[in-house]
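> What follows is target.txt, compact mmCIF, C-alpha atoms and all ligand atoms.
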```
# COMPACT_ATOMS: atom_id res chain seq x y z
CA MET A 169 -7.93 5.05 -20.44
CA GLY A 170 -5.79 2.56 -22.41
CA ILE A 171 -5.43 -0.79 -20.75
CA GLY A 172 -4.37 -3.08 -23.57
CA TYR A 173 -0.77 -4.00 -24.21
CA SER A 174 0.69 -3.44 -27.61
CA GLY A 175 3.93 -5.31 -28.09
CA ASN A 176 6.55 -4.21 -25.60
CA THR A 177 5.64 -0.58 -25.46
CA ALA A 178 3.36 1.30 -23.16
CA SER A 179 1.00 2.06 -26.06
CA GLU A 180 -0.42 5.58 -25.70
CA TYR A 181 1.51 6.17 -22.48
CA PRO A 182 5.16 7.17 -22.49
CA HIS A 183 5.96 4.62 -19.77
CA PHE A 184 4.51 1.42 -18.39
CA MET A 185 4.57 2.96 -14.93
CA LEU A 186 2.05 5.64 -15.94
CA LYS A 187 -0.01 3.12 -17.87
CA GLU A 188 -0.15 0.84 -14.84
CA ILE A 189 -1.05 3.71 -12.52
CA MET A 190 -3.91 4.54 -14.89
CA GLU A 191 -5.16 0.95 -14.89
CA GLN A 192 -5.91 1.03 -11.19
CA PRO A 193 -9.66 1.77 -11.36
CA ARG A 194 -10.07 -1.34 -13.50
CA VAL A 195 -7.98 -3.41 -11.09
CA LEU A 196 -10.21 -2.32 -8.22
CA GLU A 197 -13.39 -2.92 -10.18
CA GLU A 198 -12.40 -6.42 -11.23
CA THR A 199 -11.25 -7.38 -7.75
CA LEU A 200 -14.49 -6.16 -6.19
CA ALA A 201 -16.64 -7.77 -8.89
CA ARG A 202 -14.95 -11.11 -8.25
CA SER A 203 -15.17 -10.95 -4.48
CA ILE A 204 -18.51 -9.36 -3.60
CA THR A 205 -21.71 -11.32 -4.13
CA PRO A 206 -24.90 -9.57 -5.34
CA ASP A 207 -26.17 -9.62 -1.73
CA LYS A 208 -22.97 -7.81 -0.68
CA LYS A 209 -21.20 -10.73 0.95
CA VAL A 210 -17.44 -11.02 0.65
CA GLU A 211 -16.30 -14.31 -0.88
CA LEU A 212 -12.63 -14.00 -1.61
CA GLY A 213 -12.03 -17.64 -2.49
CA THR A 214 -9.21 -18.11 0.03
CA GLY A 215 -9.45 -21.90 -0.19
CA LEU A 216 -10.02 -21.78 3.60
CA LYS A 217 -13.44 -22.48 5.07
CA ASN A 218 -15.07 -19.83 7.26
CA GLU A 219 -14.95 -22.21 10.27
CA GLU A 220 -11.21 -22.55 9.79
CA LEU A 221 -10.77 -18.79 9.42
CA ALA A 222 -12.75 -18.27 12.63
CA GLY A 223 -10.39 -20.59 14.52
CA TYR A 224 -7.14 -18.66 14.07
CA ARG A 225 -5.80 -16.67 17.01
CA ARG A 226 -3.15 -14.67 15.23
CA LEU A 227 -2.11 -13.59 11.75
CA LEU A 228 1.43 -13.23 10.53
CA ILE A 229 2.03 -11.29 7.33
CA ILE A 230 5.38 -11.75 5.57
CA ALA A 231 6.49 -9.81 2.52
CA CYS A 232 9.21 -7.55 1.09
CA GLY A 233 9.29 -3.99 -0.20
CA THR A 234 6.04 -2.65 -1.54
CA ALA A 235 4.20 -5.84 -0.60
CA TYR A 236 5.40 -5.35 2.99
CA HIS A 237 3.95 -1.84 2.92
CA ALA A 238 0.63 -3.29 1.79
CA GLY A 239 0.83 -5.69 4.74
CA LEU A 240 1.20 -2.77 7.15
CA VAL A 241 -2.05 -1.26 5.86
CA GLY A 242 -3.69 -4.69 6.06
CA LYS A 243 -2.68 -5.05 9.71
CA HIS A 244 -4.51 -1.86 10.71
CA PHE A 245 -7.71 -2.87 9.00
CA ILE A 246 -7.73 -6.56 9.93
CA GLU A 247 -7.06 -5.83 13.60
CA LYS A 248 -9.87 -3.28 13.65
CA ALA A 249 -12.40 -5.28 11.65
CA ALA A 250 -11.66 -8.84 12.76
CA HIS A 251 -10.24 -8.26 16.27
CA ILE A 252 -7.29 -10.54 15.71
CA PRO A 253 -3.66 -9.63 16.39
CA VAL A 254 -1.65 -9.22 13.20
CA GLU A 255 2.13 -9.08 13.00
CA VAL A 256 3.82 -7.88 9.84
CA GLU A 257 7.39 -9.04 9.26
CA LEU A 258 9.93 -8.29 6.59
CA ALA A 259 10.46 -11.68 4.97
CA SER A 260 14.14 -10.88 4.47
CA GLU A 261 14.54 -10.59 8.28
CA PHE A 262 12.04 -13.19 9.37
CA ARG A 263 13.74 -15.96 7.40
CA TYR A 264 16.93 -15.61 9.46
CA GLY A 265 15.22 -15.31 12.85
CA GLN A 266 13.95 -17.88 15.32
CA PRO A 267 10.28 -17.00 15.20
CA LEU A 268 7.92 -18.28 17.86
CA ILE A 269 4.88 -19.31 15.90
CA GLU A 270 1.98 -20.38 18.06
CA GLN A 271 -0.45 -22.94 16.81
CA LYS A 272 -3.53 -21.34 15.31
CA THR A 273 -1.42 -18.77 13.49
CA LEU A 274 -2.28 -18.17 9.85
CA THR A 275 0.67 -16.89 7.84
CA VAL A 276 -0.15 -14.66 4.88
CA ALA A 277 2.69 -14.22 2.38
CA ILE A 278 2.26 -11.33 -0.05
CA SER A 279 4.25 -11.32 -3.28
CA GLN A 280 3.42 -9.77 -6.63
CA SER A 281 5.79 -12.09 -8.49
CA GLY A 282 5.37 -15.13 -6.29
CA GLU A 283 9.10 -15.73 -6.79
CA THR A 284 10.85 -13.44 -4.30
CA ALA A 285 13.46 -15.62 -2.61
CA ASP A 286 13.13 -14.00 0.83
CA THR A 287 9.35 -14.36 0.88
CA LEU A 288 9.52 -17.99 -0.22
CA ALA A 289 12.13 -18.77 2.44
CA ALA A 290 9.99 -17.06 5.11
CA LEU A 291 6.93 -19.01 3.96
CA ARG A 292 8.84 -22.29 4.22
CA LEU A 293 10.06 -21.40 7.71
CA ALA A 294 6.52 -20.58 8.87
CA GLN A 295 5.31 -23.88 7.45
CA ALA A 296 8.16 -25.78 9.10
CA LYS A 297 7.01 -24.27 12.41
CA GLY A 298 3.52 -25.65 11.83
CA SER A 299 1.68 -22.62 10.45
CA ARG A 300 -1.00 -22.82 7.79
CA THR A 301 -0.19 -20.43 4.97
CA VAL A 302 -2.00 -18.38 2.36
CA ALA A 303 -0.28 -16.58 -0.51
CA ILE A 304 -1.56 -13.33 -1.96
CA THR A 305 0.06 -13.15 -5.36
CA ASN A 306 -0.36 -11.73 -8.83
CA ALA A 307 1.41 -14.54 -10.67
CA VAL A 308 -0.51 -17.64 -11.69
CA ASP A 309 1.58 -20.82 -11.35
CA SER A 310 4.40 -19.04 -9.55
CA THR A 311 6.41 -20.96 -6.95
CA ILE A 312 4.46 -19.45 -4.06
CA THR A 313 1.18 -20.80 -5.45
CA ARG A 314 2.58 -24.33 -5.39
CA GLU A 315 3.92 -24.08 -1.85
CA ALA A 316 1.29 -22.18 0.15
CA HIS A 317 -1.74 -24.07 1.50
CA GLY A 318 -4.14 -21.50 0.01
CA VAL A 319 -3.83 -18.88 -2.72
CA ILE A 320 -5.62 -15.59 -3.30
CA TYR A 321 -4.82 -14.10 -6.67
CA THR A 322 -4.64 -10.35 -7.07
CA LEU A 323 -6.14 -9.22 -10.35
CA ALA A 324 -3.64 -6.56 -11.33
CA GLY A 325 -2.69 -8.18 -14.63
CA PRO A 326 0.96 -8.25 -15.74
CA GLU A 327 3.02 -5.51 -14.13
CA VAL A 328 5.92 -4.47 -16.34
CA SER A 329 7.27 -1.39 -14.58
CA VAL A 330 9.80 -2.41 -11.96
CA ALA A 331 8.27 0.09 -9.54
CA SER A 332 5.08 -1.57 -8.40
CA THR A 333 1.87 0.46 -8.46
CA LYS A 334 -1.22 -1.45 -9.54
CA ALA A 335 -0.07 -4.65 -7.83
CA TYR A 336 0.21 -2.71 -4.56
CA LEU A 337 -3.32 -1.38 -4.95
CA ALA A 338 -4.58 -4.87 -5.73
CA GLN A 339 -2.85 -6.15 -2.59
CA LEU A 340 -4.51 -3.42 -0.49
CA VAL A 341 -8.02 -4.11 -1.71
CA THR A 342 -7.47 -7.86 -1.33
CA LEU A 343 -6.34 -7.37 2.28
CA TYR A 344 -9.42 -5.23 2.98
CA LEU A 345 -11.65 -7.94 1.55
CA PHE A 346 -9.78 -10.59 3.50
CA GLY A 347 -10.32 -8.52 6.66
CA LEU A 348 -14.04 -8.33 5.95
CA GLN A 349 -14.26 -12.05 5.29
CA LEU A 350 -12.43 -12.76 8.54
CA ALA A 351 -14.70 -10.31 10.37
CA ARG A 352 -17.74 -12.16 9.10
CA ALA A 353 -16.29 -15.55 10.00
CA ARG A 354 -15.37 -14.30 13.49
CA GLU A 355 -18.61 -12.34 13.86
CA THR A 356 -16.79 -9.16 14.84
CA LEU A 357 -18.76 -6.99 12.40
CA ASN A 358 -22.49 -7.24 11.81
CA GLU A 359 -24.08 -7.35 8.35
CA ARG A 360 -24.87 -3.63 8.44
CA GLU A 361 -21.27 -2.70 9.24
CA ILE A 362 -19.95 -5.02 6.55
CA SER A 363 -22.30 -3.58 3.99
CA ARG A 364 -21.23 -0.03 4.91
CA TYR A 365 -17.62 -1.03 4.24
CA VAL A 366 -18.61 -2.79 1.02
CA ASP A 367 -20.41 0.35 -0.21
CA ALA A 368 -17.28 2.37 0.50
CA LEU A 369 -15.11 -0.17 -1.35
CA GLU A 370 -17.44 -0.06 -4.33
CA ALA A 371 -17.09 3.72 -4.55
CA LEU A 372 -13.29 3.49 -4.74
CA PRO A 373 -12.82 2.76 -8.47
CA GLY A 374 -14.70 5.97 -9.36
CA GLN A 375 -12.84 7.95 -6.73
CA VAL A 376 -9.45 6.69 -7.92
CA GLY A 377 -10.56 7.51 -11.48
CA SER A 378 -11.39 11.08 -10.46
CA LEU A 379 -7.95 11.47 -8.86
CA LEU A 380 -6.30 10.13 -11.99
CA GLN A 381 -8.06 12.72 -14.10
CA ARG A 382 -6.10 15.27 -12.10
CA ALA A 383 -2.81 13.41 -12.62
CA ARG A 384 -1.03 16.28 -14.36
CA GLU A 385 -1.48 18.54 -11.33
CA LEU A 386 1.21 16.46 -9.65
CA LYS A 387 3.80 17.82 -12.10
CA GLU A 388 3.94 20.98 -10.01
CA PRO A 389 5.14 19.45 -6.70
CA ALA A 390 7.25 16.98 -8.71
CA ALA A 391 9.16 19.90 -10.23
CA VAL A 392 9.95 21.19 -6.72
CA ILE A 393 11.10 17.79 -5.48
CA ALA A 394 13.13 17.11 -8.63
CA ARG A 395 15.28 20.18 -7.87
CA GLY A 396 16.45 18.80 -4.50
CA SER A 397 18.13 15.69 -3.15
CA HIS A 398 15.92 14.81 -0.19
CA ALA A 399 12.23 14.62 0.67
CA TYR A 400 10.54 13.56 3.89
CA PHE A 401 7.20 11.81 4.07
CA LEU A 402 5.23 12.13 7.30
CA GLY A 403 2.08 10.45 8.52
CA ARG A 404 0.60 8.66 11.50
CA ALA A 405 -0.82 5.13 11.64
CA LEU A 406 -2.23 4.23 8.20
CA ASP A 407 -0.73 7.40 6.80
CA TYR A 408 2.70 6.26 7.96
CA ALA A 409 2.25 2.97 6.07
CA VAL A 410 1.39 4.94 2.92
CA ALA A 411 4.26 7.36 3.54
CA LEU A 412 6.66 4.40 3.51
CA GLU A 413 5.33 3.36 0.12
CA GLY A 414 5.48 6.92 -1.26
CA SER A 415 9.09 7.34 -0.18
CA LEU A 416 10.08 3.97 -1.68
CA LYS A 417 8.45 4.93 -5.01
CA LEU A 418 10.32 8.24 -5.04
CA LYS A 419 13.69 6.64 -4.23
CA GLU A 420 13.53 3.86 -6.76
CA THR A 421 12.23 5.88 -9.70
CA SER A 422 13.93 9.27 -9.27
CA TYR A 423 16.99 8.32 -7.16
CA ILE A 424 16.08 11.09 -4.74
CA HIS A 425 16.50 10.28 -1.09
CA GLY A 426 12.95 9.97 0.21
CA GLU A 427 12.48 9.00 3.84
CA ALA A 428 9.24 8.24 5.66
CA TYR A 429 8.78 8.91 9.34
CA ALA A 430 5.91 8.29 11.69
CA ALA A 431 4.90 11.93 12.21
CA GLY A 432 5.20 11.75 16.00
CA GLU A 433 8.72 10.33 15.74
CA PHE A 434 9.91 13.24 13.65
CA ARG A 435 10.38 15.33 16.77
CA HIS A 436 12.60 12.65 18.28
CA GLY A 437 15.60 13.48 16.11
CA PRO A 438 14.89 13.71 12.37
CA ILE A 439 13.48 17.23 12.61
CA ALA A 440 17.12 18.35 12.83
CA LEU A 441 17.32 17.57 9.10
CA ILE A 442 14.83 20.29 8.19
CA GLU A 443 16.32 23.32 6.52
CA GLU A 444 14.98 26.08 4.28
CA GLY A 445 13.06 24.69 1.31
CA ILE A 446 13.29 20.96 2.16
CA PRO A 447 10.20 19.19 0.76
CA VAL A 448 7.98 17.49 3.31
CA ILE A 449 5.03 15.43 2.09
CA ALA A 450 2.46 15.30 4.88
CA LEU A 451 -0.37 12.78 4.84
CA ALA A 452 -3.37 13.55 7.02
CA THR A 453 -6.18 11.25 5.95
CA GLN A 454 -7.31 10.13 9.40
CA PRO A 455 -9.73 12.65 10.93
CA SER A 456 -8.94 11.51 14.48
CA LEU A 457 -5.22 12.24 13.95
CA ALA A 458 -5.36 15.35 11.76
CA GLU A 459 -4.84 17.78 14.62
CA LYS A 460 -1.79 15.90 15.86
CA THR A 461 -0.31 15.76 12.37
CA SER A 462 -0.96 19.45 11.77
CA ALA A 463 1.04 20.24 14.92
CA VAL A 464 4.10 18.51 13.41
CA MET A 465 3.47 20.26 10.09
CA GLU A 466 3.48 23.62 11.88
CA GLU A 467 6.83 22.77 13.44
CA VAL A 468 8.49 21.83 10.17
CA LYS A 469 6.96 24.82 8.40
CA SER A 470 8.32 27.21 11.00
CA ARG A 471 11.76 25.73 10.27
CA GLY A 472 11.46 26.47 6.56
CA ALA A 473 10.09 23.22 5.07
CA TRP A 474 8.20 23.32 1.77
CA ILE A 475 5.04 21.30 2.49
CA MET A 476 2.93 19.22 0.16
CA GLY A 477 -0.21 18.07 1.98
CA ILE A 478 -2.74 15.35 1.22
CA SER A 479 -5.99 15.21 3.16
CA PRO A 480 -9.68 14.55 2.46
CA GLY A 481 -12.34 17.14 1.94
CA GLY A 482 -10.25 20.31 1.84
CA ASN A 483 -9.31 20.13 5.54
CA ASN A 484 -8.47 23.79 6.26
CA SER A 485 -6.30 23.16 9.27
CA ILE A 486 -4.07 21.06 6.99
CA SER A 487 -4.35 22.93 3.68
CA SER A 488 -3.54 26.30 5.26
CA LEU A 489 -0.12 24.95 6.26
CA CYS A 490 0.75 23.68 2.79
CA ASN A 491 2.64 25.16 -0.12
CA TRP A 492 0.84 22.64 -2.31
CA PHE A 493 -2.29 20.76 -1.29
CA LEU A 494 -4.37 17.95 -2.75
CA ASP A 495 -7.82 17.20 -1.37
CA LEU A 496 -8.84 13.56 -1.51
CA PRO A 497 -12.37 12.26 -2.00
CA GLU A 498 -14.11 11.18 1.22
CA THR A 499 -14.11 7.50 2.10
CA GLU A 500 -14.06 5.36 5.24
CA PRO A 501 -10.81 6.44 6.96
CA GLU A 502 -9.54 2.85 6.85
CA PHE A 503 -9.66 2.89 3.04
CA ALA A 504 -7.92 6.24 2.63
CA PRO A 505 -4.60 4.53 1.72
CA ILE A 506 -6.15 3.46 -1.61
CA LEU A 507 -6.72 7.11 -2.46
CA ALA A 508 -3.68 8.66 -0.77
CA VAL A 509 -1.17 6.48 -2.57
CA ILE A 510 -2.34 7.65 -6.01
CA PRO A 511 -0.83 11.16 -5.78
CA LEU A 512 2.34 9.66 -4.29
CA GLN A 513 2.72 7.26 -7.22
CA LEU A 514 2.20 10.14 -9.63
CA LEU A 515 4.59 12.33 -7.67
CA ALA A 516 7.31 9.69 -8.00
CA TYR A 517 6.51 9.21 -11.68
CA TYR A 518 6.61 12.89 -12.62
CA THR A 519 9.69 13.49 -10.47
CA ALA A 520 11.47 10.65 -12.28
CA CYS A 521 10.40 12.13 -15.64
CA ALA A 522 11.69 15.55 -14.58
CA ARG A 523 15.03 13.96 -13.65
CA GLY A 524 15.18 11.94 -16.86
CA THR A 525 15.72 8.58 -15.15
CA ALA A 526 14.86 5.19 -16.64
CA VAL A 527 11.37 5.23 -15.18
CA ASP A 528 10.35 1.66 -15.97
CA THR A 529 13.74 0.06 -15.38
CA PRO A 530 15.48 1.93 -12.57
CA ARG A 531 19.17 1.24 -12.12
CA HIS A 532 20.22 -1.73 -9.93
CA LEU A 533 16.66 -3.04 -9.63
CA VAL A 534 14.97 -6.20 -10.90
CA LYS A 535 11.33 -7.19 -10.83
CA SER A 536 11.81 -10.21 -8.62
CA VAL A 537 14.73 -10.38 -6.18
CA GLN A 538 16.56 -13.70 -5.94
CA ASP A 539 19.15 -14.98 -3.45
CA LYS A 540 22.77 -14.19 -4.18
C1 LIG L 601 8.97 -1.70 -5.30
C2 LIG L 601 8.89 -3.10 -5.58
C3 LIG L 601 9.59 -4.04 -4.66
C4 LIG L 601 8.77 -5.34 -4.50
C5 LIG L 601 9.56 -6.37 -3.67
C6 LIG L 601 8.74 -7.62 -3.46
O1 LIG L 601 8.25 -0.95 -6.24
O2 LIG L 601 8.28 -3.52 -6.53
O3 LIG L 601 9.82 -3.46 -3.41
O4 LIG L 601 7.56 -5.04 -3.89
O5 LIG L 601 10.75 -6.69 -4.32
O6 LIG L 601 8.39 -8.20 -4.68
P1 LIG L 601 7.26 -9.27 -4.77
O7 LIG L 601 5.98 -8.60 -4.42
O8 LIG L 601 7.28 -9.74 -6.20
O9 LIG L 601 7.59 -10.35 -3.79
```
Mind turning the file's structure into structure tokens?


Amino acid sequence: MGIGYSGNTASEYPHFMLKEIMEQPRVLEETLARSITPDKKVELGTGLKNEELAGYRRLLIIACGTAYHAGLVGKHFIEKAAHIPVEVELASEFRYGQPLIEQKTLTVAISQSGETADTLAALRLAQAKGSRTVAITNAVDSTITREAHGVIYTLAGPEVSVASTKAYLAQLVTLYLFGLQLARARETLNEREISRYVDALEALPGQVGSLLQRARELKEPAAVIARGSHAYFLGRALDYAVALEGSLKLKETSYIHGEAYAAGEFRHGPIALIEEGIPVIALATQPSLAEKTSAVMEEVKSRGAWIMGISPGGNNSISSLCNWFLDLPETEPEFAPILAVIPLQLLAYYTACARGTAVDTPRHLVKSVQDK
């Protein structure tokens, strides 16, 4: 796996996007090595003391685009692990609202670049309303690092491809670690539970690596999707958060209309869009929800959809409904997004290649969005 940069090219990879997708096991490894002590304690270096962390009543996550999608995954885990309500807001909306921010709210702003105008404006608004703030960012010395009260750096390294991949994964693992640190500070998980989660986190770099070895398999569904103009991504709960990210990756790199729906919502209107051969990408990584998701898959299949399914451990009730199926390695269900997003990144990448788009520099997009 090549991880060094050579000039401005993607070295042995045809595109930076693929190179950055392939770097993800290293990103996970380095993040975990920095944040987990030899006795399996999580020390993320938030700049906030555990007593302070224990005192917050509510978390507010603000971010845009892919970083917002990471925040949605973070909400699920942090609420479960640390028993604290978490709201996730689009910074581009939040900044123009009149938010009610209670005291004892910690605002977490997520931004790969640390320069996104909407996220900075939202951070300033939260601070003006009296909130303490922490930035999760990939960019040392960026504006957000100077303005937030605390900073947690993601260790993705420079991300060149406009479509974010490794920075998203770094944000996810950082949010998981943050959730575990909060859970310890708030005493909502015991040491045994934390160490079970830590073991699962430590298995992820190898599991992501094993998925990446199968990268080329994704060329097959990509060829199907590249022939059409639409694709729907379905999932419930955490799978919905990952579906949103998968559909954004597809849109921005291949210019195909990808749309994510919470699987249960699909019946409330969008199912009318299904016609013969329409690609549907179904995520079913949560054992407790698999049956419910398979019911929606059956409905779209009976209306002619072409289904690509992603689920752990060769789940027969899911795989039997699919035209193309990828089985994920087993992990704690809460961490499945780390694995499930890999095939979606590769799907977007290979679809873009099949369409001949400018994979690393999609039209109309910039790496960090400024105010007009
Ligand atoms: C999509 C993508 C964008 C960014 C968004 C926020 O692949 O990269 O959606 O996630 O513009 O950027 P940052 O994280 O730099 O604030």

> Counting all atoms listed in the file, select every polymer residue within 9 Å of (-6.8, 19.9, 7.1) as defined in the file's coordinates, and provide the selection as a ChimeraX atom specification.

/A:452-453,455,458-459,462,477-489,495

> Could you give me, as a list of chain:residue names, every polymer residue with an atom at most 7 Å away from an atom of ligand LIG 601 (chain L), counting only C-alpha atoms and all ligand atoms?

A:Ala231, A:Cys232, A:Gly233, A:Thr234, A:Ala235, A:Ile278, A:Ser279, A:Gln280, A:Ser281, A:Gly282, A:Glu283, A:Thr284, A:Thr287, A:Val330, A:Ala331, A:Ser332, A:Thr333, A:Leu416, A:Lys417, A:Lys535, A:Ser536, A:Val537

> Please identify all polymer residues within 10 Å of range 343-346 of chain A, counting only C-alpha atoms, omitting same-chain residues fewer than 5 positions from it, and present them as number ranges by chain.

A: 199-200, 203-204, 209-214, 238-239, 241-246, 249-250, 276, 278, 304, 320, 322, 337-338, 351-352, 365-366, 369, 502-503

> Mind giving me the straight-line distance from CA of Ala450 in chain A to CA of Leu402 in chain A in Å, one decimal?

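Rounded to one decimal, the two atoms are 4.9 Å apart.
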
> Take CA of Leu496 in chain A and CA of Leu412 in chain A and report the distance between them in Å, one decimal.

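CA of Leu412 in chain A lies at a distance of 18.7 Å from CA of Leu496 in chain A.
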
> Neighbours of Gly318 in chain A within 7 Å (all atoms listed in the file; same-chain residues fewer than 4 positions away dropped), as a list in words?

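These residues fall inside the cut-off: Thr214, Gly215, Leu216, Thr301, Val302 and Ala303 of chain A.
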
> Excluding same-chain residues fewer than 6 positions from range 193-197 of chain A, what lies within 8 Å of it counting only C-alpha atoms, as a count of residues only?

13

> Name the residues, using the chain letters and numbers of the file, that sit within 9 Å of (7.2, 10.5, -10.5) when counting all atoms listed in the file, and give them as a ChimeraX atom specification.

/A:186,386-387,390,417-418,421-422,512-522,527

> Distance CA of Leu380 in chain A-CA of Ala504 in chain A, one decimal place?

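Distance between the two atoms: 15.2 Å.
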
> Which residue out of A:Ser260, A:Leu507, A:Met476, A:Gly265 has the minimum interatomic distance to Trp492 in chain A when all atoms listed in the file are used?

A:Met476

> From the options A:Asp367, A:Asp286, A:Glu247, A:Glu385, which residue's atoms come nearest to Leu494 in chain A, counting all atoms listed in the file?

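Closest to Leu494 in chain A, using all atoms listed in the file: A:Glu385.
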
> Could you tell me which of A:Leu227, A:Ala409, A:Val328, A:Ala294 comes closest to Val534 in chain A if we count all atoms listed in the file?

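Closest residue, counting all atoms listed in the file: A:Val328.
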
> Out of A:Val448, A:Trp474, A:Arg531, A:His436, which residue has the shortest atom-to-atom distance to Ser415 in chain A when counting only C-alpha atoms?

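Ranked by minimum distance to Ser415 in chain A, first place goes to A:Val448.
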